[in-house]
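A.B. asks: Please find one structure pasted underneath; my questions will follow.
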Amino acid sequence: MLDIKKLRENPEFFRTGLKAKRAETKLDEILANDEKRRSLVTETDLLKAIRNKVSKEIGDLKKNKADASDKIEEMQELGKKIKAMDNQIAELEDQLNSILVTLPNLPHESAPVGFSDTDNVEVSSWGKKPLYTFELKDHLDIAENLGILDMPRGAKISGSGFPLYMGKGARLERALINFMLDFHVEKHNYIEVYPPFLVNRDTAFGTGQLPKMEEDMYLCNADDLFLIPTAEVPVTNIHRDEIMKESDLPKKYAAFSGCFRREAGSYGKDTRGLSRLHQFNKVEMVQFTKPEESYTVHQKLLQDAEDILQTLGLHYRILNLCSGDLSFAAAKCYDIEVWAPGTHKYFEVSSVSNFEDFQARRANIRFRRESDQKVEFVHTLNGSGVATPRLVIAILETYQQPDGSVVIPEALRSYTSFDKIEK
RNA sequence: GGAGAGUUGGCCGAGUAGGUCGAAGGCGCUCGCCUGCUAAGCGAGUAUACUGUUAGUAACGGUAUCGCGAGUUCAAAUCUCGCACUCUCCGCCA
C-alpha cells in the first residue's frame with residue numbers, strides 16, 4: 001500500500017513511479033477524494049466533541065433530578081447528522097481504498113526503467129556453461145528414461161502441471177528441500193519456520209496477492225481459504241498487526257512450503273516437463289528489517305540464494321529487473337536464472353525482492369525505535385532459496401552422463417544416500 | 001459437527017441494574033530522587049490510528065479504539081444481534 005500522506009505531498013513523484021511500473025494512475029481521483037474526506041472528518045469530529053460534552057451534561061442533570069429533555073432532543077438531531085456524515089466518510093474511504101489497494105509499489109531508483117523482461121539488466125553471473133562431448137538430452141527425456149518422473153500419471157491424478165516424482169526422483173526432491181533448509185538455518189542463521197499452506201483473505205491481502213491476483217491462487221471456496229503461491233505469504237504475515245522490537249531486527253526466517261499456482265493465462269508457455277507447474281516445492285527466505293538496512297540486507301539475501309547454486313556447482317546469471325517487470329509489491333528485485341544445458345536456456349529459480357514498507361503498510365507490521373520510542377513500518381524482503389523444479393531441471397541436465405545416468409552433486413549425497421541415478 | 005465458558009492496555013487483572021472509563025490496582029519498562037554496590041524505597045511517566053492549529057516528523061487540541069462488525073441510546077467496555085478466535089465436554093478422525 002502506498003503512503004497517502006506522501007502521495008498528498010508529492011503526487012508527481014508517484015505519477016512518474018507508477019508509470020514506470022506500467023500502472024494505471026488515478027491519482028487525481030484519490031487526491032480529490034482524500035481532500036473531501038479530511039474536511040468531512042474534521043467537521044464530524046467537531047460535532048462529536050459537542051455531543052460528548054453535552055452527553056456528560058445530561059448525565060449530571062439527571063443525577064440532580066433536573067430536566068434535560070431540551071438537550072436530549074438537541075442531541076437526537078445532532079446524532080442523526082453525525083450518522084449521516086459518518087456514512088458519507090465511510091463511503092469516501094471505501095472509494096479511496098478500492099483504488100489505493102490496486103496501486104503497485106513504486107520502483108526503487110536503482111531498478112532500471114523499462115517495459116518488459118527484455119529490458120532487465122544482467123548484473124553478474126557465476127560459473128560458465130559447461131561443455132559436453134556427447135549429445136545432451138533435456139530434463140524430461142532424462143527423467144522419463146530413468147523412471148523418476150511421471151507427468152502423464154500426474155496429469156491423470158490431478159491435471160497437467162502436477163508432477164509425480166517416483167523412486168530416486170522423489171528422494172532427490174526431498175533431499176533438495178532438506179539440504180536447502182539446513183543450509184540456510186545452519187550456515188546463514190535463519191530461523192526455521194513451517195507455516196500453514198492455506199491462508200485467509202487478510203493474510204493474502206497483506207503480502208499483496210489480494211485483490212489483484214486472486215485469479216492466480218487456488219481458492220477453497222467452502223472455507224474461503226487460499227492455497228499459498230509461496231511461503232512468503234504466511235511467513236510475512238507472522239508479524240501482521242504487530243509492533244516489533246528494534247533489537248529483534250533484522251528478523252530472518254526460512255521456510256519450506258508447497259506452492260500452488262493456477263498460472264491462469266500462461267497456457268502454452270514453458271509447458272514442457274518441470275518448467276512451469278501448478279504445484280511445486282520451494283524454500284523461501286523472509287526478512288524484516290529497519291528501513292535504513294533493507295538494501296544492504298537485500299544484497300545479502302541475494303548471496304544466500306546464490307550460495308545454494310554455487311554449492312551445487314550450477315552456472316547462473318543474475319538480472320536486475322526493470323520497473324515494468326517488477327511484481328506488484330516489489331520496489332526492487334533480482335532474478336537468479338540457472339543454466340539448463342539440455343534445454344539450452346536459463347530458468348528463473350529465485351526472485352529476491354525488497355518490498356520496502358509496501359507490504360508492511362498493508363499488513364501493519366511496525367517496529368519501535370529505541371532512541372525515541374517512535375513507531376515505524378518495517379521493510380520486508382524475501383528471496384527464494386530456491387524453488388526445486390527448475391533446480392531439478394538444472395541438476396539433471398548439467399550432471400547427465402553419456403549413458404543417460406545422472407551424477408548427484410557432492411553436497412547432496414548425504415541427503416540422497418546415493419551418488420548416481422541410473423536405470 | 002453438537003453443548004457450554006471466555007476474549008479488557010506489554011503482561012496479569014478490576015470494571016454488567018449504561019453516564020465523570022483510554023479504562024482501578026499490580027507487574028514490567030523509562031526518567032528522576034535516595035543509597036558504599038546491588039536490592040528495597042520514593043516521585044513522575046508509560047497505547048495506537050485518524051484529524052486540526054503550526055514553519056514544524058516540536059508542542060498543544062479534537063475524534064476513534066476494551067476480539068471484529070452492525071444495532072439500541074442524549075450517552076455502551078457495560079444492553080441486543082451477527083461473525084472470528086480460545087478453552088472444556090461429547091461425536092468424528094490422521
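Chain labels A, B, ... are given in the sequence in which chains occur in the C-alpha cells; within each chain residues are numbered consecutively from 1, and ligands are likewise numbered from 1 in the order shown.
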Would you return as a VMD selection string the members of stretch 158-396 of chain A that DSSP assigns to alpha helix (DSSP H) on this structure's backbone?
C.D. replies: chain A and resid 168 to 182 201 to 206 232 to 236 294 to 311 358 to 363 388 to 396
A.B. asks: What are the residues of chain A that have an atom within 8 Å of an atom of chain B, counting only C-alpha atoms (C1' of nucleotides), as a compact mmCIF listing (two decimals) with all heavy atoms, in the first residue's frame?
C.D. replies:
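Output file iface_37.txt follows:
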# COMPACT_ATOMS: atom_id res chain seq x y z
N ARG A 38 -11.00 14.41 4.38
CA ARG A 38 -10.40 15.07 5.53
C ARG A 38 -11.25 16.22 6.05
O ARG A 38 -11.38 16.40 7.26
CB ARG A 38 -9.00 15.57 5.17
CG ARG A 38 -7.96 14.49 5.37
CD ARG A 38 -6.57 15.03 5.17
NE ARG A 38 -6.43 15.55 3.81
CZ ARG A 38 -5.64 16.57 3.48
NH1 ARG A 38 -4.93 17.18 4.40
NH2 ARG A 38 -5.55 16.96 2.23
N VAL A 41 -14.08 14.71 7.96
CA VAL A 41 -13.65 14.15 9.24
C VAL A 41 -13.51 15.27 10.27
O VAL A 41 -13.97 15.14 11.42
CB VAL A 41 -12.31 13.40 9.09
CG1 VAL A 41 -11.66 13.16 10.44
CG2 VAL A 41 -12.53 12.07 8.38
N THR A 42 -12.88 16.34 9.85
CA THR A 42 -12.69 17.47 10.76
C THR A 42 -14.03 17.99 11.26
O THR A 42 -14.24 18.21 12.45
CB THR A 42 -11.95 18.61 10.02
OG1 THR A 42 -10.78 18.08 9.43
CG2 THR A 42 -11.60 19.72 10.98
N ASP A 45 -15.76 15.38 13.56
CA ASP A 45 -15.11 15.29 14.87
C ASP A 45 -15.54 16.44 15.79
O ASP A 45 -15.69 16.27 16.99
CB ASP A 45 -13.58 15.30 14.72
CG ASP A 45 -13.05 13.94 14.31
OD1 ASP A 45 -13.87 13.00 14.21
OD2 ASP A 45 -11.84 13.79 14.09
N LEU A 46 -15.73 17.60 15.18
CA LEU A 46 -16.18 18.76 15.93
C LEU A 46 -17.56 18.52 16.53
O LEU A 46 -17.81 18.79 17.71
CB LEU A 46 -16.23 19.96 14.98
CG LEU A 46 -15.70 21.28 15.51
CD1 LEU A 46 -14.22 21.14 15.87
CD2 LEU A 46 -15.89 22.37 14.46
N LYS A 48 -18.91 15.64 17.09
CA LYS A 48 -18.83 14.57 18.09
C LYS A 48 -18.33 15.13 19.42
O LYS A 48 -18.76 14.68 20.49
CB LYS A 48 -17.89 13.46 17.61
CG LYS A 48 -18.52 12.58 16.57
CD LYS A 48 -17.56 11.50 16.09
CE LYS A 48 -18.22 10.63 15.03
NZ LYS A 48 -17.25 9.73 14.38
N ALA A 49 -17.43 16.09 19.35
CA ALA A 49 -16.92 16.70 20.57
C ALA A 49 -18.06 17.38 21.32
O ALA A 49 -18.15 17.29 22.55
CB ALA A 49 -15.83 17.71 20.23
N ARG A 51 -21.25 16.58 21.09
CA ARG A 51 -22.13 15.53 21.62
C ARG A 51 -21.56 14.94 22.91
O ARG A 51 -22.29 14.73 23.88
CB ARG A 51 -22.32 14.43 20.58
CG ARG A 51 -23.21 13.30 21.08
CD ARG A 51 -23.54 12.30 20.02
NE ARG A 51 -22.36 11.53 19.61
CZ ARG A 51 -22.40 10.60 18.66
NH1 ARG A 51 -23.50 10.33 18.02
NH2 ARG A 51 -21.29 9.94 18.36
N ASN A 52 -20.26 14.67 22.90
CA ASN A 52 -19.65 14.11 24.11
C ASN A 52 -19.83 15.03 25.29
O ASN A 52 -20.13 14.59 26.41
CB ASN A 52 -18.15 13.86 23.87
CG ASN A 52 -17.93 12.66 22.96
OD1 ASN A 52 -18.83 11.85 22.75
ND2 ASN A 52 -16.74 12.55 22.41
N VAL A 54 -22.10 17.51 25.75
CA VAL A 54 -23.50 17.66 26.17
C VAL A 54 -24.01 16.39 26.84
O VAL A 54 -24.77 16.45 27.81
CB VAL A 54 -24.38 18.06 24.97
CG1 VAL A 54 -25.84 18.11 25.36
CG2 VAL A 54 -23.92 19.39 24.41
N SER A 55 -23.54 15.25 26.35
CA SER A 55 -23.99 13.99 26.96
C SER A 55 -23.58 13.93 28.42
O SER A 55 -24.32 13.42 29.27
CB SER A 55 -23.40 12.80 26.21
OG SER A 55 -24.03 12.67 24.96
N LYS A 56 -22.40 14.44 28.71
CA LYS A 56 -21.96 14.47 30.11
C LYS A 56 -22.85 15.41 30.91
O LYS A 56 -23.22 15.11 32.05
CB LYS A 56 -20.51 14.93 30.19
CG LYS A 56 -19.54 13.79 30.01
CD LYS A 56 -18.09 14.25 30.06
CE LYS A 56 -17.17 13.15 29.54
NZ LYS A 56 -15.80 13.61 29.36
N ILE A 58 -25.89 16.09 30.33
CA ILE A 58 -27.18 15.41 30.54
C ILE A 58 -27.08 14.46 31.72
O ILE A 58 -27.97 14.38 32.56
CB ILE A 58 -27.61 14.65 29.27
CG1 ILE A 58 -27.95 15.65 28.16
CG2 ILE A 58 -28.80 13.74 29.54
CD1 ILE A 58 -28.18 15.03 26.80
N GLY A 59 -25.99 13.74 31.77
CA GLY A 59 -25.76 12.82 32.89
C GLY A 59 -25.81 13.54 34.22
O GLY A 59 -26.45 13.08 35.17
N LYS A 71 -31.98 19.29 25.96
CA LYS A 71 -30.66 18.86 25.48
C LYS A 71 -30.73 17.51 24.79
O LYS A 71 -30.05 17.27 23.80
CB LYS A 71 -29.69 18.81 26.66
CG LYS A 71 -29.40 20.20 27.19
CD LYS A 71 -28.18 20.24 28.07
CE LYS A 71 -27.97 21.68 28.52
NZ LYS A 71 -26.61 22.03 28.80
N ILE A 72 -31.53 16.63 25.35
CA ILE A 72 -31.67 15.31 24.73
C ILE A 72 -32.22 15.44 23.32
O ILE A 72 -31.72 14.81 22.37
CB ILE A 72 -32.57 14.39 25.59
CG1 ILE A 72 -31.83 14.02 26.87
CG2 ILE A 72 -32.95 13.15 24.81
CD1 ILE A 72 -32.62 13.16 27.82
N GLU A 73 -33.21 16.30 23.19
CA GLU A 73 -33.80 16.50 21.87
C GLU A 73 -32.76 17.05 20.90
O GLU A 73 -32.64 16.59 19.76
CB GLU A 73 -34.95 17.49 21.99
CG GLU A 73 -36.07 17.25 21.00
CD GLU A 73 -37.28 18.10 21.33
OE1 GLU A 73 -37.87 17.90 22.42
OE2 GLU A 73 -37.59 18.99 20.54
N MET A 75 -29.60 16.68 21.03
CA MET A 75 -28.61 15.66 20.71
C MET A 75 -29.17 14.58 19.79
O MET A 75 -28.44 13.96 19.04
CB MET A 75 -28.07 15.03 22.00
CG MET A 75 -27.15 15.95 22.78
SD MET A 75 -25.79 16.64 21.80
CE MET A 75 -26.36 18.31 21.52
N GLN A 76 -30.46 14.38 19.85
CA GLN A 76 -31.07 13.45 18.92
C GLN A 76 -30.87 13.93 17.49
O GLN A 76 -30.50 13.17 16.60
CB GLN A 76 -32.57 13.30 19.20
CG GLN A 76 -32.87 12.34 20.34
CD GLN A 76 -34.33 12.34 20.75
OE1 GLN A 76 -35.07 13.27 20.41
NE2 GLN A 76 -34.73 11.34 21.49
A.B. asks: List every residue of stretch 24-254 of chain A that DSSP, applied to the backbone of this structure, places in strand (DSSP E or B), and write the result as a PyMOL selection string.
C.D. replies: chain A and resi 121-126+149+165+191-193+198-199+219-220+225-227+242-245+251-254
A.B. asks: Identify, on the basis of only C-alpha atoms (C1' of nucleotides), every residue whose closest approach to A:Pro195 does not exceed 12 Å; exclude the query and any residue fewer than 5 positions from it along the same chain; express the result as a ChimeraX atom specification.
C.D. replies: /A:227-228,230-238,253-259,283-284
A.B. asks: Which residues come within 7 Å of A:Ala363, counting only C-alpha atoms (C1' of nucleotides), excluding same-chain residues fewer than 2 positions away, as a list in words?
C.D. replies: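 These residues fall inside the cut-off: Gly206, Asn237, Arg240, Asp241, Gln359, Ala360, Arg361 and Ile365 of chain A.
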A.B. asks: With only C-alpha atoms (C1' of nucleotides) as the counted atoms, please give the residues lying no more than 12 Å from stretch 157-159 of chain A, apart from itself and same-chain residues fewer than 3 positions off, as a list in words.
C.D. replies: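 My reading of the contact set: Asp150, Met151, Pro152, Arg153, Gly154, Phe162, Pro163, Leu164, Arg262, Leu277, His278 and Gln279 of chain A.
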A.B. asks: Show which residues sit within 9 Å of stretch 26-30 of chain B, as a list in words. Count only C-alpha atoms (C1' of nucleotides), and ignore same-chain residues fewer than 4 positions away.
C.D. replies: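 Close residues of stretch 26-30 of chain B: G10, C11, C12, G13, G45 and U46 of chain B.
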A.B. asks: Figure out the distance between atom CA of A:Ser266 and atom CA of A:Arg317, please, to one decimal in Å.
C.D. replies: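 Taking atom CA of A:Arg317 and atom CA of A:Ser266, their separation equals 23.9 Å.
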A.B. asks: Can you tell me, as a PDB file with all heavy atoms, in the first residue's frame, what residues are no more than 6 Å from A:Gly114 when counting only C-alpha atoms (C1' of nucleotides), ignoring any on the same chain fewer than 6 positions away?
C.D. replies:
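Final output, around_22.pdb:
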ATOM      1  N   CYS A 322      13.701  -4.782 -14.506  1.00  0.00           N
ATOM      2  CA  CYS A 322      13.321  -3.412 -14.845  1.00  0.00           C
ATOM      3  C   CYS A 322      11.970  -3.085 -14.232  1.00  0.00           C
ATOM      4  O   CYS A 322      11.207  -3.976 -13.848  1.00  0.00           O
ATOM      5  CB  CYS A 322      13.278  -3.236 -16.362  1.00  0.00           C
ATOM      6  SG  CYS A 322      11.829  -3.959 -17.138  1.00  0.00           S
ATOM      7  N   SER A 323      11.690  -1.814 -14.147  1.00  0.00           N
ATOM      8  CA  SER A 323      10.477  -1.338 -13.462  1.00  0.00           C
ATOM      9  C   SER A 323       9.207  -2.031 -13.954  1.00  0.00           C
ATOM     10  O   SER A 323       8.352  -2.416 -13.160  1.00  0.00           O
ATOM     11  CB  SER A 323      10.351   0.176 -13.617  1.00  0.00           C
ATOM     12  OG  SER A 323      10.298   0.528 -14.988  1.00  0.00           O
ATOM     13  N   GLY A 324       9.110  -2.204 -15.256  1.00  0.00           N
ATOM     14  CA  GLY A 324       7.893  -2.772 -15.812  1.00  0.00           C
ATOM     15  C   GLY A 324       7.744  -4.263 -15.563  1.00  0.00           C
ATOM     16  O   GLY A 324       6.650  -4.810 -15.685  1.00  0.00           O
TER      17      GLY A 324
END
A.B. asks: Atom CA of A:Pro409 and atom CA of A:Phe134, how far apart in Å?
C.D. replies: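 Between atom CA of A:Phe134 and atom CA of A:Pro409 the gap works out to 19.8 Å.
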A.B. asks: For atom C1' of B:U7 and atom CA of A:Thr203, quote the distance in Å rounded to one decimal.
C.D. replies: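 According to the coordinates, atom C1' of B:U7 and atom CA of A:Thr203 are separated by 21.4 Å.
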